Amino acid sequence: MLTGKGMTEINKTIISGGVIITLLIIVAIIAPLISPSEPLAQNLSASLSSPGGSAFFGTDSLGRDIFSRVVYGSRISLTVGITVLTLTLFLGTFLGMLAGYFGGVLDSVLMRVSDVFMSFPPLVLAMIVMAFIGPGIANLVGVLVIIRWPQFARLVRGQVISVKGMAYVDAARIAGTHPLKIVLKHILPNCFAPVITYGTMSVGAIIIDETALSFLGLGIQPPAPSWGVMLADAKNYIAAAPWLVMFPGLAMIVTVLGFNLLGDGLGYLLNPKQSERIEVTHGNIKG
Amino acid sequence: MFKYVVRRLLILIPILLGVALISSLMFYIVPGDIVRVMLGQHIDPFTYANVRKALGLDIPFGENFLGFMRNICRGDLGFSYIQQRSVNQVILEALPVTIKLTVVSLLVTIIVGIPVGILAAVKDRRAIGQAVNYGAMIGFSMPSFLLALFLQLFFGVWLGWFPIAGSGRGLISYVLPGLAIGLPSAAFYARVARASMLEVLTQEYILFATARGLPFNRVIINHGLRNALIPVITQIGMDFGMFMTGAVLTETIFNLPGMGRLIFSSINARDFPVLRGALLFSALIVVIVNLLVDLSYIRLDPRIASAIVREGSDADR
């Protein structure tokens, strides 16, 4: 039974999320075709011009075209979001599977380690590591994986434990199936529904993390057109040039909303029972 | 029950030790010589030797760490050579700001989130329920630092109702930061409260209460709300812990001198003793609050209590 949401509405949610993300990916790919100028091209004679006229979204203090920068910024956000998700999925699934399947000391150690990671506020942990290892996109990706793996590991572990007790897994074990085959063929495929949902929604959260760190000057560095870098710059001109905040901010909301809608819809589709669905905010940077 | 509490308290020890260990390792793994990183390249050799000694860098890590743990047990978090004050003093100064901000944020979250969620559940199939549903989704997709900038723009710059920075004007200064942190959380609460209320409303005792002829509002408030709020209360506890560790971005944007900004500035200034103290303090608050949440959960939901009692008696055998 579907509580509260009919099938058509679930489809609507998935489709609207999917459309937003598809459009974003297209925009990111064809960025050079639709931007009127280079994202880094300065034009000091036209600095801080308001939206409309020749610059659709206005220009910043160095006369750079905001529309082009927002469009190119989508490349950074999507690349970081999807790369971090992929790496986290591999690491989290691997560790969660080990902990869940083998249990015992290994499980306790892995879970205590993840407890320690999770008792640091995620943003703070990321800030410290970034301050030590220095900015840059590769470092940023690594740090975002570090702050996010515990949630995936725990999710997969919980799933593995509940699936491992099922009769067909026992049957496979009695039949003498190799443990590796049991894990890969019998257990993992049955753990993936919540992981897909959580993963999709995490992309939004990862993009927020990236923007937040770049905003603080610890992630992507200026002059690269990351939305976080643009917002950090915009903060200084909030009274004089509000469009500097508006456009990268709106781009970010739409992107995160797209992934959240898709994840939410998938959550209903893959697991219609309300009580077992996961709600995603853990690990999101708050404040 | 008592055993459960003791076991939970014992689990806290390795977690806090881990946090203390990692934040102490910072002194060793930071690239370069930490004393020079902290106090600059050109300090005189005498000060250099003194600070090095005071930080315990002239003795092995294990010994240094044990010394630090001993001091912690006495409630001493160390000394900041950059600020020339004790770390305890620095943290105690930042704490009131963060407590005020946490209280305001939580109030916003609860006052907005729960009623909206209940309303959405009760009016599920109507336009208002749908509107709340999508509104919450948008609110939930908006990170608070972005909301902070938007609020500064609308209420600070355009309308001029609230100050856009500083903590100088009493509680008024906390309105915008509180909204920035509270509203995205409220959107999440509304979703949790709605989902939980919808589930409760399908239960038979609700049907029975309605069949007995109780007024609809009473069914919702007396019978529905009590059970529907359990998941929300867990979330309130977790958020309390999260907010108390300081809202780095919001405090930075609004220039509030709380824990979040303290952590950010101590990272930037390479003030490691303060950073280590603040991290440990934050972790302590988070784990204690999480423990309290779990315990309150037991009081709210008798099924959990009985599960724990069963588990405990199994272990005794």
# chains A, B, ... in the order shown; residues from 1 in each chain; ligands from 1
>>> interface_residues(of="chain A", to="chain B", cutoff="7 Å", atoms="only C-alpha atoms", output="MDAnalysis selection string")
chainID A and resid 4 112 115:116 119:120 128 132 208 238:239 249 253 256:257 286:287
>>> residues_around(residues="Gly129 in chain B", least_positions_apart="2", cutoff="10 Å", atoms="only C-alpha atoms", output="list in words")
Val116, Gly117, Ile118, Leu119, Ala120, Ala121, Val122, Lys123, Asp124, Arg125, Arg126, Ala127, Ala131, Val132, Asn133, Tyr134, Gly135 and Arg194 of chain B
>>> residues_around(residues="Ile147 in chain A", least_positions_apart="3", cutoff="7 Å", atoms="only C-alpha atoms", output="list in words")
Pro122, Ala126, Val143 and Leu144 of chain A
>>> atom_distance(atom1="CA of Ser68 in chain A", atom2="CA of Pro51 in chain A")
12.8 Å
>>> select_by_dssp(residues="range 46-261 of chain B", states="strand (DSSP E)", output="list in words")
Phe79, Ser80, Arg85 and Ser86 of chain B
>>> write_last_selection(atoms="C-alpha atoms", output="CSV table (one decimal), in the first residue's frame")
chain,number,residue,atom,x,y,z
B,79,PHE,CA,47.1,27.2,26.6
B,80,SER,CA,46.8,29.3,23.5
B,85,ARG,CA,45.1,32.9,27.3
B,86,SER,CA,44.0,29.5,28.5
>>> atom_distance(atom1="CA of Thr13 in chain A", atom2="CA of Val71 in chain A")
24.7 Å
>>> residues_around(residues="Ser61 in chain A", least_positions_apart="4", cutoff="9 Å", atoms="only C-alpha atoms", output="PyMOL selection string")
chain A and resi 44+46-49+233-234+237+241
>>> residues_around(residues="Ala193 in chain B", least_positions_apart="6", cutoff="8 Å", atoms="only C-alpha atoms", output="ChimeraX atom specification")
/B:113-114,117-118,228-229,231-232
>>> write_last_selection(atoms="N, CA and C atoms", output="PDB file, in the first residue's frame")
ATOM      1  N   GLY B 113       8.503  23.944  11.954  1.00  0.00           N
ATOM      2  CA  GLY B 113       8.518  22.610  11.353  1.00  0.00           C
ATOM      3  C   GLY B 113       7.364  21.710  11.758  1.00  0.00           C
ATOM      4  N   ILE B 114       7.138  21.563  13.064  1.00  0.00           N
ATOM      5  CA  ILE B 114       6.156  20.571  13.516  1.00  0.00           C
ATOM      6  C   ILE B 114       4.721  20.922  13.086  1.00  0.00           C
ATOM      7  N   GLY B 117       4.273  20.337   9.399  1.00  0.00           N
ATOM      8  CA  GLY B 117       4.260  18.915   9.054  1.00  0.00           C
ATOM      9  C   GLY B 117       2.931  18.257   9.388  1.00  0.00           C
ATOM     10  N   ILE B 118       2.387  18.586  10.579  1.00  0.00           N
ATOM     11  CA  ILE B 118       1.107  18.013  10.999  1.00  0.00           C
ATOM     12  C   ILE B 118       0.007  18.466  10.042  1.00  0.00           C
ATOM     13  N   ALA B 228       3.239  10.426  16.965  1.00  0.00           N
ATOM     14  CA  ALA B 228       3.870  10.907  15.740  1.00  0.00           C
ATOM     15  C   ALA B 228       5.147  11.678  16.028  1.00  0.00           C
ATOM     16  N   LEU B 229       5.266  12.195  17.268  1.00  0.00           N
ATOM     17  CA  LEU B 229       6.400  13.081  17.527  1.00  0.00           C
ATOM     18  C   LEU B 229       7.681  12.361  17.929  1.00  0.00           C
ATOM     19  N   PRO B 231       9.840  10.318  16.338  1.00  0.00           N
ATOM     20  CA  PRO B 231      10.994  10.531  15.454  1.00  0.00           C
ATOM     21  C   PRO B 231      11.459  11.979  15.447  1.00  0.00           C
ATOM     22  N   VAL B 232      10.511  12.915  15.621  1.00  0.00           N
ATOM     23  CA  VAL B 232      10.891  14.326  15.608  1.00  0.00           C
ATOM     24  C   VAL B 232      11.783  14.644  16.800  1.00  0.00           C
TER      25      VAL B 232
END
